[in-house]
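Chemist: I'd like to ask you about the structure that follows.
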4 protein chains.
Amino acid sequence: MDSIERLSTMFERFPGIGPRQANRFVQFLLRSSPSVRRELVDAIAQLSQGVRQCPECMRFHAGEKAVCAICSNEKRDGSQLAIVASDTDLTALERSHMFFGYYFVLGGTVSLVSERSSSIRIREMLSTLTKRLDDSLKEVILAFPANPEGDATAQRVREEISAKPEFSHIKITALGRGLSTGSELEYADPDTIHDAFESRR
Amino acid sequence: MDSIERLSTMFERFPGIGPRQANRFVQFLLRSSPSVRRELVDAIAQLSQGVRQCPECMRFHAGEKAVCAICSNEKRDGSQLAIVASDTDLTALERSHMFFGYYFVLGGTVSLVSERSSSIRIREMLSTLTKRLDDSLKEVILAFPANPEGDATAQRVREEISAKPEFSHIKITALGRGLSTGSELEYADPDTIHDAFESRR
Amino acid sequence: MDSIERLSTMFERFPGIGPRQANRFVQFLLRSSPSVRRELVDAIAQLSQGVRQCPECMRFHAGEKAVCAICSNEKRDGSQLAIVASDTDLTALERSHMFFGYYFVLGGTVSLVSERSSSIRIREMLSTLTKRLDDSLKEVILAFPANPEGDATAQRVREEISAKPEFSHIKITALGRGLSTGSELEYADPDTIHDAFESRR
Amino acid sequence: MDSIERLSTMFERFPGIGPRQANRFVQFLLRSSPSVRRELVDAIAQLSQGVRQCPECMRFHAGEKAVCAICSNEKRDGSQLAIVASDTDLTALERSHMFFGYYFVLGGTVSLVSERSSSIRIREMLSTLTKRLDDSLKEVILAFPANPEGDATAQRVREEISAKPEFSHIKITALGRGLSTGSELEYADPDTIHDAFESRR
């Protein structure tokens, strides 16, 4: 396998990239100047050096300190903590400018197909919740995708938190289900209409 | 214009049909047997005869009596009435097997672009609500599409109902907004995330 | 089944129409004025009366005479005759303003899945070709879709024409294969590239 | 700009990649092991070292020698040479197993919007053609996309080759136009039908 095919094979592992687009990426890099390629190499290499995982929310960040800019921001609302599946979901919530509490990134959702103990960070989650008790944590918001895996993850997290007496006063909520912006009743699936009725107000 | 073009032009007025598909419809009818065409002609002609508009919910139906099968079903829950924009939306709610109250079809949504007084059936709605007071109507559920027209319609309906003292004890709710089934946080728009946070529970 | 469902079921048989769109058609007709429905009924009924099949090319047309406007146009080029699968394909060729000969509509393509003798109009085709011999017919152009059914139909038609000695001087051609307008080599399938090479010039 | 944003910005320059997918690429690399990132860095770095541009066809390749494996393969047919716009188009032709001559990669198509002298490799093309004269080159096949830029490029190349008396015996052909595999007449655009008629046979 030559160096063109080798790089193409690596790009195929990128999320959502097939052989044809992987090949276009390689052609793009071949046509780019050597300085562009060097810049890209540097940027990837720096991920290993400049990026750390926040010990509190577990997300990856490029800050100078171990604790990330969100977790170390004392102006955020310590009474709320949102548990999300991934860094990307955390970013989506921040983009909505709706939530000002802290976060915890589970690192995935419970798999419904494989039997093996899933690798979500339950232990770290409980440890972070314990730390946040001092910030008068009152509500944990489960912000998982609206699919069976997300639901199973929510159930698992509820069970783990409920099993600890020290969290008994904490309210556990989940993001609301219903009609998403722009949706028409005519094209909504029955489950969504069901949720929309249940969450009417 | 010959009879082929004439029929093609009529099919072009059907919702979602362009010239090409209109032409395919005509070709389909040309290739069909005369009995199939006669059957279609009968079925359309019967719409004018066999279909009536229910005087209570205003939807079109093919029942023998003036009042439709839903409005005349005394086993439905008289304490709830859902207001919808169209017959199609009513069908969508029935399909979800979630709601067992009565309906009223407004016949459209408030237009945000045209200034002219919209043709939604406000007067008929108030009249139907008055009739349903005897069935101990307690809740009116606004089931409009999750878009600006739907929101403007909801506001208009709320104002009209609130203006009548005899409806002051009726609770007005709207279908919940949030993540629709299957949606991922990553691809949800900020408005939907906003709604999902507000309707968390 | 009431008259709404009955009409909806009939629209579902239209090409490319599913239950949801069939239902929208019925709703559209219900909301239309009675005069619109009457107009549609008339237009469909007239198809049976006003439309006839041309005895030469076999297409449906709404002309006053039996022979259609194309077949009776003596200014067209009698040396060429295009054989097409359907009326719609004939329309597509006319739209391109490229061909000025006469046509014959086979009424379908040879089916590759069913064994039964296909219902394409071979006998009528041979009869029309014989008539056109007097117009000094020199070339028959096979204008079938570029798929296996189209290829099988072309082969069948070639065999039928070649079997008649009186057509031995007629040249049989087929529409060219290659890159269609707007296509990129990168996304062209190998068969198309193969054809494009073979038909290069 | 931190190292996550910096890498994300670089991925946004990749063909067909928007901010959201660029961000997913970075998250993917963050979740990958350091060895995977190191492997990717190596593969990109090797493009600069291991990849060279063939001095004859001008494509990028990873062979040990300067001249690429196609141009140095003496079993290929020296009487034909295909001129293509890009390395990707060359790959598409090879995939079709239809062409066994040599290639030349122009490096782009003539731009129809910008006035500036386009950067396609005309000089190098003429030089490669001259070299191939010894291999008894007889036919140059223009294999450009079937769009206005491709047509303008073909015209430009034809003019350049025709201007040289030493190439006067070389036949210049272009890939055939017509119905591409799988296309129906009904959906073919008039230009394609036009081409299909012209290239019938």
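By order of appearance in the structure tokens: chains A, B, ..., then residues from 1 within every chain, and ligands from 1 in the order shown.
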Would you mind listing, as a short mmCIF file (atom, residue, chain, number, x, y, z; two decimals) with C-alpha atoms, in the first residue's frame, all residues of chain B that have at least one atom within 10 Å of chain A, where only C-alpha atoms are what counts?
Modeler:
```cif
data_model
loop_
_atom_site.label_atom_id
_atom_site.label_comp_id
_atom_site.auth_asym_id
_atom_site.auth_seq_id
_atom_site.Cartn_x
_atom_site.Cartn_y
_atom_site.Cartn_z
CA VAL B 84 -56.59 21.85 15.04
CA ALA B 85 -55.82 23.68 11.81
CA SER B 86 -57.02 21.06 9.31
CA ASP B 87 -58.81 17.77 8.79
CA THR B 88 -55.43 16.20 8.12
CA ASP B 89 -54.10 17.27 11.50
CA LEU B 90 -57.20 15.82 13.16
CA THR B 91 -56.46 12.52 11.40
CA ALA B 92 -52.85 12.66 12.64
CA LEU B 93 -54.02 13.06 16.25
CA GLU B 94 -56.51 10.21 15.94
CA ARG B 95 -53.76 8.02 14.51
CA SER B 96 -51.68 8.53 17.67
CA HIS B 97 -54.43 6.97 19.85
CA MET B 98 -53.55 9.46 22.54
CA PHE B 99 -56.49 11.81 22.64
CA ILE B 141 -55.83 21.92 23.75
CA LEU B 142 -54.27 24.00 20.99
CA ALA B 143 -52.73 21.49 18.54
CA PHE B 144 -51.14 23.70 15.88
CA PRO B 145 -47.97 23.21 13.86
CA ALA B 146 -44.77 24.27 15.63
CA ASN B 147 -44.10 27.21 13.36
CA PRO B 148 -44.74 31.00 13.44
CA GLY B 150 -49.14 28.01 14.32
CA LYS B 171 -57.81 25.74 30.98
CA ILE B 172 -56.09 26.44 27.66
CA THR B 173 -53.05 24.28 26.95
CA ALA B 174 -50.85 23.76 23.91
CA LEU B 175 -49.01 20.69 22.66
CA GLY B 176 -45.58 20.41 24.26
CA ARG B 177 -42.44 21.43 22.42
CA GLY B 178 -39.13 19.70 22.73
CA LEU B 179 -37.05 16.96 21.18
CA SER B 180 -39.12 14.95 18.75
CA THR B 181 -38.67 11.19 18.70
CA GLY B 182 -35.36 10.18 17.19
CA SER B 183 -33.72 13.58 17.33
CA GLU B 184 -30.14 14.08 18.41
CA LEU B 185 -29.02 17.09 20.41
CA GLU B 186 -26.20 17.66 17.95
CA TYR B 187 -28.61 18.35 15.10
CA ALA B 188 -31.37 20.04 17.09
CA ASP B 189 -31.82 23.74 16.39
CA PRO B 190 -31.34 26.16 19.32
CA ASP B 191 -35.10 26.87 19.50
CA THR B 192 -35.87 23.21 20.00
CA ILE B 193 -33.20 22.90 22.70
CA HIS B 194 -34.66 26.00 24.33
CA ASP B 195 -38.11 24.41 24.33
CA ALA B 196 -36.73 21.08 25.57
CA PHE B 197 -35.12 22.82 28.56
CA GLU B 198 -38.26 24.76 29.37
CA SER B 199 -40.44 21.66 29.21
CA ARG B 200 -38.05 19.38 31.12
CA ARG B 201 -39.53 17.37 33.92
#
```
Chemist: Residues near Leu30 of chain A, anyone? I mean within 12 Å using only C-alpha atoms, not counting same-chain ones fewer than 4 positions away, as a ChimeraX atom specification.
Modeler: /A:3-4,7-8,23-26,34-37 /D:14,44-53,59-62,86-88,107
Chemist: Using DSSP assignments from the backbone, pull out every residue in segment 5-93 of chain A that falls under strand (DSSP E or B) and give it to me as a VMD selection string.
Modeler: chain A and resid 52 to 53 60 to 61 80 to 84
Chemist: As an mmCIF file with N, CA and C atoms, in the first residue's frame, please: every residue in segment 13-200 of chain A that DSSP puts in helix (DSSP H, G or I).
Modeler:
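So result.cif came out as:
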```
data_model
loop_
_atom_site.group_PDB
_atom_site.id
_atom_site.type_symbol
_atom_site.label_atom_id
_atom_site.label_comp_id
_atom_site.auth_asym_id
_atom_site.auth_seq_id
_atom_site.Cartn_x
_atom_site.Cartn_y
_atom_site.Cartn_z
ATOM 1 N N PRO A 19 -14.961 5.875 0.823
ATOM 2 C CA PRO A 19 -13.726 5.784 0.032
ATOM 3 C C PRO A 19 -13.565 6.947 -0.952
ATOM 4 N N ARG A 20 -14.685 7.362 -1.582
ATOM 5 C CA ARG A 20 -14.572 8.405 -2.588
ATOM 6 C C ARG A 20 -14.164 9.746 -1.957
ATOM 7 N N GLN A 21 -14.811 10.101 -0.856
ATOM 8 C CA GLN A 21 -14.451 11.385 -0.260
ATOM 9 C C GLN A 21 -13.065 11.316 0.387
ATOM 10 N N ALA A 22 -12.709 10.145 0.935
ATOM 11 C CA ALA A 22 -11.365 9.991 1.501
ATOM 12 C C ALA A 22 -10.329 10.268 0.412
ATOM 13 N N ASN A 23 -10.602 9.749 -0.774
ATOM 14 C CA ASN A 23 -9.690 9.966 -1.889
ATOM 15 C C ASN A 23 -9.625 11.455 -2.275
ATOM 16 N N ARG A 24 -10.766 12.130 -2.211
ATOM 17 C CA ARG A 24 -10.765 13.563 -2.532
ATOM 18 C C ARG A 24 -9.945 14.353 -1.506
ATOM 19 N N PHE A 25 -10.001 13.923 -0.241
ATOM 20 C CA PHE A 25 -9.202 14.602 0.787
ATOM 21 C C PHE A 25 -7.713 14.485 0.434
ATOM 22 N N VAL A 26 -7.306 13.273 0.034
ATOM 23 C CA VAL A 26 -5.892 13.068 -0.289
ATOM 24 C C VAL A 26 -5.512 13.928 -1.495
ATOM 25 N N GLN A 27 -6.390 13.944 -2.525
ATOM 26 C CA GLN A 27 -6.102 14.778 -3.698
ATOM 27 C C GLN A 27 -6.008 16.248 -3.302
ATOM 28 N N PHE A 28 -6.877 16.670 -2.385
ATOM 29 C CA PHE A 28 -6.842 18.045 -1.904
ATOM 30 C C PHE A 28 -5.500 18.362 -1.240
ATOM 31 N N LEU A 29 -5.025 17.412 -0.412
ATOM 32 C CA LEU A 29 -3.746 17.636 0.269
ATOM 33 C C LEU A 29 -2.582 17.598 -0.717
ATOM 34 N N LEU A 30 -2.698 16.742 -1.738
ATOM 35 C CA LEU A 30 -1.629 16.666 -2.742
ATOM 36 C C LEU A 30 -1.509 17.989 -3.502
ATOM 37 N N ARG A 31 -2.652 18.587 -3.786
ATOM 38 C CA ARG A 31 -2.623 19.857 -4.523
ATOM 39 C C ARG A 31 -2.269 21.042 -3.628
ATOM 40 N N PRO A 34 3.135 22.541 0.439
ATOM 41 C CA PRO A 34 3.748 21.828 1.563
ATOM 42 C C PRO A 34 3.491 22.534 2.899
ATOM 43 N N SER A 35 3.402 23.871 2.887
ATOM 44 C CA SER A 35 3.201 24.579 4.154
ATOM 45 C C SER A 35 1.818 24.280 4.734
ATOM 46 N N VAL A 36 0.812 24.107 3.859
ATOM 47 C CA VAL A 36 -0.525 23.746 4.358
ATOM 48 C C VAL A 36 -0.490 22.373 5.018
ATOM 49 N N ARG A 37 0.193 21.435 4.370
ATOM 50 C CA ARG A 37 0.284 20.095 4.950
ATOM 51 C C ARG A 37 1.018 20.118 6.289
ATOM 52 N N ARG A 38 2.090 20.962 6.345
ATOM 53 C CA ARG A 38 2.856 21.045 7.590
ATOM 54 C C ARG A 38 1.994 21.624 8.712
ATOM 55 N N GLU A 39 1.189 22.636 8.355
ATOM 56 C CA GLU A 39 0.286 23.242 9.328
ATOM 57 C C GLU A 39 -0.695 22.211 9.891
ATOM 58 N N LEU A 40 -1.224 21.373 8.983
ATOM 59 C CA LEU A 40 -2.188 20.361 9.408
ATOM 60 C C LEU A 40 -1.525 19.352 10.334
ATOM 61 N N VAL A 41 -0.309 18.930 9.949
ATOM 62 C CA VAL A 41 0.442 17.991 10.784
ATOM 63 C C VAL A 41 0.663 18.583 12.167
ATOM 64 N N ASP A 42 1.043 19.863 12.209
ATOM 65 C CA ASP A 42 1.268 20.512 13.505
ATOM 66 C C ASP A 42 -0.007 20.540 14.340
ATOM 67 N N ALA A 43 -1.125 20.886 13.673
ATOM 68 C CA ALA A 43 -2.390 21.020 14.405
ATOM 69 C C ALA A 43 -2.827 19.689 14.995
ATOM 70 N N ILE A 44 -2.614 18.597 14.241
ATOM 71 C CA ILE A 44 -2.993 17.286 14.783
ATOM 72 C C ILE A 44 -2.044 16.893 15.917
ATOM 73 N N ALA A 45 -0.746 17.151 15.709
ATOM 74 C CA ALA A 45 0.227 16.798 16.736
ATOM 75 C C ALA A 45 -0.071 17.553 18.034
ATOM 76 N N GLN A 46 -0.495 18.808 17.891
ATOM 77 C CA GLN A 46 -0.768 19.616 19.085
ATOM 78 C C GLN A 46 -1.971 19.132 19.878
ATOM 79 N N LEU A 47 -2.870 18.421 19.191
ATOM 80 C CA LEU A 47 -4.023 17.875 19.920
ATOM 81 C C LEU A 47 -3.533 16.988 21.062
ATOM 82 N N SER A 48 -2.466 16.220 20.777
ATOM 83 C CA SER A 48 -1.953 15.319 21.798
ATOM 84 C C SER A 48 -1.304 16.095 22.934
ATOM 85 N N GLN A 49 -0.686 17.208 22.558
ATOM 86 C CA GLN A 49 0.011 17.970 23.589
ATOM 87 C C GLN A 49 -0.909 18.996 24.258
ATOM 88 N N GLY A 50 -1.567 19.816 23.439
ATOM 89 C CA GLY A 50 -2.283 20.966 23.999
ATOM 90 C C GLY A 50 -3.647 20.646 24.564
ATOM 91 N N ASP A 87 -19.100 15.384 24.023
ATOM 92 C CA ASP A 87 -18.626 16.760 23.927
ATOM 93 C C ASP A 87 -19.470 17.555 22.945
ATOM 94 N N THR A 88 -19.854 16.905 21.840
ATOM 95 C CA THR A 88 -20.619 17.584 20.803
ATOM 96 C C THR A 88 -21.987 18.016 21.337
ATOM 97 N N ASP A 89 -22.608 17.166 22.138
ATOM 98 C CA ASP A 89 -23.906 17.515 22.709
ATOM 99 C C ASP A 89 -23.749 18.693 23.686
ATOM 100 N N LEU A 90 -22.651 18.685 24.455
ATOM 101 C CA LEU A 90 -22.383 19.818 25.352
ATOM 102 C C LEU A 90 -22.303 21.102 24.531
ATOM 103 N N THR A 91 -21.568 21.046 23.402
ATOM 104 C CA THR A 91 -21.458 22.219 22.541
ATOM 105 C C THR A 91 -22.823 22.677 22.047
ATOM 106 N N ALA A 92 -23.687 21.712 21.681
ATOM 107 C CA ALA A 92 -25.030 22.050 21.192
ATOM 108 C C ALA A 92 -25.818 22.797 22.270
ATOM 109 N N LEU A 93 -25.708 22.343 23.507
ATOM 110 C CA LEU A 93 -26.440 23.019 24.591
ATOM 111 C C LEU A 93 -25.888 24.428 24.830
ATOM 112 N N GLU A 94 -24.575 24.564 24.811
ATOM 113 C CA GLU A 94 -23.982 25.892 24.997
ATOM 114 C C GLU A 94 -24.441 26.853 23.900
ATOM 115 N N ARG A 95 -24.546 26.338 22.684
ATOM 116 C CA ARG A 95 -24.954 27.155 21.543
ATOM 117 C C ARG A 95 -26.371 27.694 21.698
ATOM 118 N N ILE A 122 -19.754 6.162 34.678
ATOM 119 C CA ILE A 122 -20.660 6.249 35.822
ATOM 120 C C ILE A 122 -19.901 6.654 37.091
ATOM 121 N N ARG A 123 -18.778 6.012 37.336
ATOM 122 C CA ARG A 123 -18.016 6.297 38.554
ATOM 123 C C ARG A 123 -17.587 7.767 38.610
ATOM 124 N N GLU A 124 -17.036 8.235 37.498
ATOM 125 C CA GLU A 124 -16.602 9.630 37.463
ATOM 126 C C GLU A 124 -17.797 10.558 37.644
ATOM 127 N N MET A 125 -18.951 10.186 37.065
ATOM 128 C CA MET A 125 -20.148 11.017 37.210
ATOM 129 C C MET A 125 -20.537 11.170 38.678
ATOM 130 N N LEU A 126 -20.552 10.047 39.403
ATOM 131 C CA LEU A 126 -20.945 10.102 40.812
ATOM 132 C C LEU A 126 -19.948 10.949 41.607
ATOM 133 N N SER A 127 -18.698 10.827 41.247
ATOM 134 C CA SER A 127 -17.675 11.600 41.944
ATOM 135 C C SER A 127 -17.849 13.096 41.686
ATOM 136 N N THR A 128 -18.154 13.470 40.434
ATOM 137 C CA THR A 128 -18.357 14.889 40.133
ATOM 138 C C THR A 128 -19.618 15.419 40.821
ATOM 139 N N LEU A 129 -20.673 14.610 40.847
ATOM 140 C CA LEU A 129 -21.899 15.032 41.534
ATOM 141 C C LEU A 129 -21.606 15.306 43.020
ATOM 142 N N THR A 130 -20.821 14.421 43.628
ATOM 143 C CA THR A 130 -20.480 14.602 45.035
ATOM 144 C C THR A 130 -19.768 15.937 45.261
ATOM 145 N N LYS A 131 -18.810 16.229 44.349
ATOM 146 C CA LYS A 131 -18.089 17.510 44.466
ATOM 147 C C LYS A 131 -19.048 18.690 44.354
ATOM 148 N N ARG A 132 -20.027 18.567 43.443
ATOM 149 C CA ARG A 132 -20.944 19.691 43.189
ATOM 150 C C ARG A 132 -21.983 19.863 44.307
ATOM 151 N N LEU A 133 -22.072 18.886 45.222
ATOM 152 C CA LEU A 133 -23.025 19.028 46.332
ATOM 153 C C LEU A 133 -22.744 20.299 47.125
ATOM 154 N N ASP A 134 -21.456 20.637 47.229
ATOM 155 C CA ASP A 134 -21.074 21.846 47.965
ATOM 156 C C ASP A 134 -21.580 23.107 47.277
ATOM 157 N N ASP A 135 -21.766 23.033 45.964
ATOM 158 C CA ASP A 135 -22.300 24.200 45.241
ATOM 159 C C ASP A 135 -23.820 24.216 45.316
ATOM 160 N N PRO A 148 -33.953 5.188 21.681
ATOM 161 C CA PRO A 148 -33.922 4.126 22.703
ATOM 162 C C PRO A 148 -32.631 4.097 23.512
ATOM 163 N N GLU A 149 -31.468 4.326 22.849
ATOM 164 C CA GLU A 149 -30.212 4.330 23.581
ATOM 165 C C GLU A 149 -30.209 5.459 24.615
ATOM 166 N N GLY A 150 -30.688 6.636 24.188
ATOM 167 C CA GLY A 150 -30.749 7.776 25.106
ATOM 168 C C GLY A 150 -31.664 7.465 26.283
ATOM 169 N N ASP A 151 -32.775 6.802 26.008
ATOM 170 C CA ASP A 151 -33.709 6.474 27.083
ATOM 171 C C ASP A 151 -33.102 5.471 28.060
ATOM 172 N N ALA A 152 -32.406 4.464 27.506
ATOM 173 C CA ALA A 152 -31.781 3.461 28.361
ATOM 174 C C ALA A 152 -30.692 4.099 29.224
ATOM 175 N N THR A 153 -29.953 5.042 28.633
ATOM 176 C CA THR A 153 -28.910 5.734 29.385
ATOM 177 C C THR A 153 -29.534 6.535 30.524
ATOM 178 N N ALA A 154 -30.639 7.204 30.228
ATOM 179 C CA ALA A 154 -31.305 8.006 31.259
ATOM 180 C C ALA A 154 -31.738 7.116 32.418
ATOM 181 N N GLN A 155 -32.274 5.939 32.064
ATOM 182 C CA GLN A 155 -32.739 5.049 33.129
ATOM 183 C C GLN A 155 -31.567 4.580 34.004
ATOM 184 N N ARG A 156 -30.496 4.216 33.315
ATOM 185 C CA ARG A 156 -29.300 3.761 34.035
ATOM 186 C C ARG A 156 -28.783 4.842 34.968
ATOM 187 N N VAL A 157 -28.699 6.079 34.485
ATOM 188 C CA VAL A 157 -28.177 7.186 35.291
ATOM 189 C C VAL A 157 -29.106 7.470 36.472
ATOM 190 N N ARG A 158 -30.415 7.426 36.231
ATOM 191 C CA ARG A 158 -31.369 7.630 37.330
ATOM 192 C C ARG A 158 -31.155 6.597 38.438
ATOM 193 N N GLU A 159 -30.980 5.331 38.011
ATOM 194 C CA GLU A 159 -30.796 4.272 39.002
ATOM 195 C C GLU A 159 -29.529 4.494 39.817
ATOM 196 N N GLU A 160 -28.452 4.862 39.137
ATOM 197 C CA GLU A 160 -27.180 5.046 39.832
ATOM 198 C C GLU A 160 -27.259 6.192 40.837
ATOM 199 N N ILE A 161 -27.908 7.277 40.437
ATOM 200 C CA ILE A 161 -27.998 8.426 41.339
ATOM 201 C C ILE A 161 -28.945 8.106 42.510
ATOM 202 N N SER A 162 -30.058 7.453 42.199
ATOM 203 C CA SER A 162 -31.042 7.155 43.248
ATOM 204 C C SER A 162 -30.485 6.190 44.288
ATOM 205 N N PRO A 165 -27.810 7.569 48.925
ATOM 206 C CA PRO A 165 -28.648 8.387 49.821
ATOM 207 C C PRO A 165 -28.258 9.868 49.822
ATOM 208 N N GLU A 166 -26.973 10.156 49.597
ATOM 209 C CA GLU A 166 -26.558 11.563 49.691
ATOM 210 C C GLU A 166 -27.120 12.409 48.556
ATOM 211 N N PHE A 167 -27.673 11.777 47.518
ATOM 212 C CA PHE A 167 -28.267 12.534 46.402
ATOM 213 C C PHE A 167 -29.794 12.539 46.479
ATOM 214 N N LEU A 185 -48.012 18.703 12.385
ATOM 215 C CA LEU A 185 -48.676 17.532 12.961
ATOM 216 C C LEU A 185 -48.803 16.421 11.930
ATOM 217 N N GLU A 186 -49.102 16.818 10.692
ATOM 218 C CA GLU A 186 -49.353 15.837 9.641
ATOM 219 C C GLU A 186 -48.181 14.870 9.455
ATOM 220 N N TYR A 187 -46.962 15.386 9.635
ATOM 221 C CA TYR A 187 -45.797 14.546 9.402
ATOM 222 C C TYR A 187 -45.151 14.033 10.688
ATOM 223 N N PRO A 190 -46.436 9.098 15.536
ATOM 224 C CA PRO A 190 -47.336 8.944 16.687
ATOM 225 C C PRO A 190 -46.634 9.122 18.026
ATOM 226 N N ASP A 191 -45.377 8.643 18.155
ATOM 227 C CA ASP A 191 -44.668 8.793 19.429
ATOM 228 C C ASP A 191 -44.488 10.261 19.794
ATOM 229 N N THR A 192 -44.149 11.068 18.800
ATOM 230 C CA THR A 192 -43.939 12.484 19.065
ATOM 231 C C THR A 192 -45.253 13.150 19.468
ATOM 232 N N ILE A 193 -46.342 12.791 18.779
ATOM 233 C CA ILE A 193 -47.643 13.359 19.144
ATOM 234 C C ILE A 193 -48.010 12.919 20.562
ATOM 235 N N HIS A 194 -47.714 11.669 20.886
ATOM 236 C CA HIS A 194 -47.943 11.156 22.238
ATOM 237 C C HIS A 194 -47.193 12.035 23.250
ATOM 238 N N ASP A 195 -45.897 12.249 22.980
ATOM 239 C CA ASP A 195 -45.102 13.071 23.903
ATOM 240 C C ASP A 195 -45.636 14.497 23.984
ATOM 241 N N ALA A 196 -46.047 15.029 22.828
ATOM 242 C CA ALA A 196 -46.527 16.410 22.798
ATOM 243 C C ALA A 196 -47.802 16.565 23.631
ATOM 244 N N PHE A 197 -48.649 15.532 23.603
ATOM 245 C CA PHE A 197 -49.851 15.590 24.446
ATOM 246 C C PHE A 197 -49.468 15.522 25.909
ATOM 247 N N GLU A 198 -48.578 14.592 26.226
ATOM 248 C CA GLU A 198 -48.199 14.418 27.630
ATOM 249 C C GLU A 198 -47.526 15.656 28.194
#
```
Chemist: Mind checking which residues fall within 7 Å of Cys57 of chain A, counting only C-alpha atoms, ignoring those fewer than 3 positions away in the same chain, and posting them as a ChimeraX atom specification?
Modeler: /A:54,71,103-105
Chemist: Using the selection just defined, write its residues with N, CA and C atoms as a compact mmCIF listing (two decimals), in the first residue's frame.
Modeler:
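After the write, result12.txt holds the following:
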```txt
# COMPACT_ATOMS: atom_id res chain seq x y z
N CYS A 54 -10.89 17.57 31.02
CA CYS A 54 -11.24 18.22 32.28
C CYS A 54 -11.59 17.15 33.31
N CYS A 71 -16.12 24.55 33.85
CA CYS A 71 -16.14 24.04 35.22
C CYS A 71 -15.49 24.99 36.22
N TYR A 103 -21.73 20.91 33.65
CA TYR A 103 -21.97 19.73 32.80
C TYR A 103 -21.21 18.51 33.31
N PHE A 104 -21.65 17.36 32.84
CA PHE A 104 -20.82 16.16 32.92
C PHE A 104 -21.01 15.37 31.63
N VAL A 105 -19.88 14.96 31.02
CA VAL A 105 -19.93 14.21 29.75
C VAL A 105 -19.75 12.72 30.03
```
Chemist: Go ahead and compute the interatomic distance for atom CA of Ser136 of chain A and atom CA of Ile170 of chain A, in Å to one decimal.
Modeler: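 Separation of atom CA of Ser136 of chain A and atom CA of Ile170 of chain A: 9.6 Å.
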Chemist: Calculate how many Å separate atom CA of Asp2 of chain A from atom CA of Arg13 of chain D, rounding to one decimal.
Modeler: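 These two atoms are separated by 24.6 Å.
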Chemist: Would you kindly return, as a list in words, each protein, DNA or RNA residue with an atom no farther than 8 Å from any atom of Tyr102 of chain A, considering only C-alpha atoms and excluding same-chain residues fewer than 5 positions away?
Modeler: Cys57, Ile70, Cys71, Arg76, Asp77, Gly78, Gln80, Leu81 and Ala82 of chain A
Chemist: The selected residues should be written to file as a PDB file, in the first residue's frame (atoms: C-alpha atoms).
Modeler:
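Result file is out.pdb:
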```
ATOM      1  CA  CYS A  57     -16.849  17.361  33.353  1.00  0.00           C
ATOM      2  CA  ILE A  70     -16.811  26.074  32.079  1.00  0.00           C
ATOM      3  CA  CYS A  71     -16.138  24.036  35.217  1.00  0.00           C
ATOM      4  CA  ARG A  76     -22.322  29.612  36.438  1.00  0.00           C
ATOM      5  CA  ASP A  77     -25.314  28.244  38.307  1.00  0.00           C
ATOM      6  CA  GLY A  78     -24.096  25.593  40.754  1.00  0.00           C
ATOM      7  CA  GLN A  80     -27.953  22.747  38.033  1.00  0.00           C
ATOM      8  CA  LEU A  81     -25.848  20.124  36.279  1.00  0.00           C
ATOM      9  CA  ALA A  82     -26.602  18.688  32.858  1.00  0.00           C
TER      10      ALA A  82
END
```
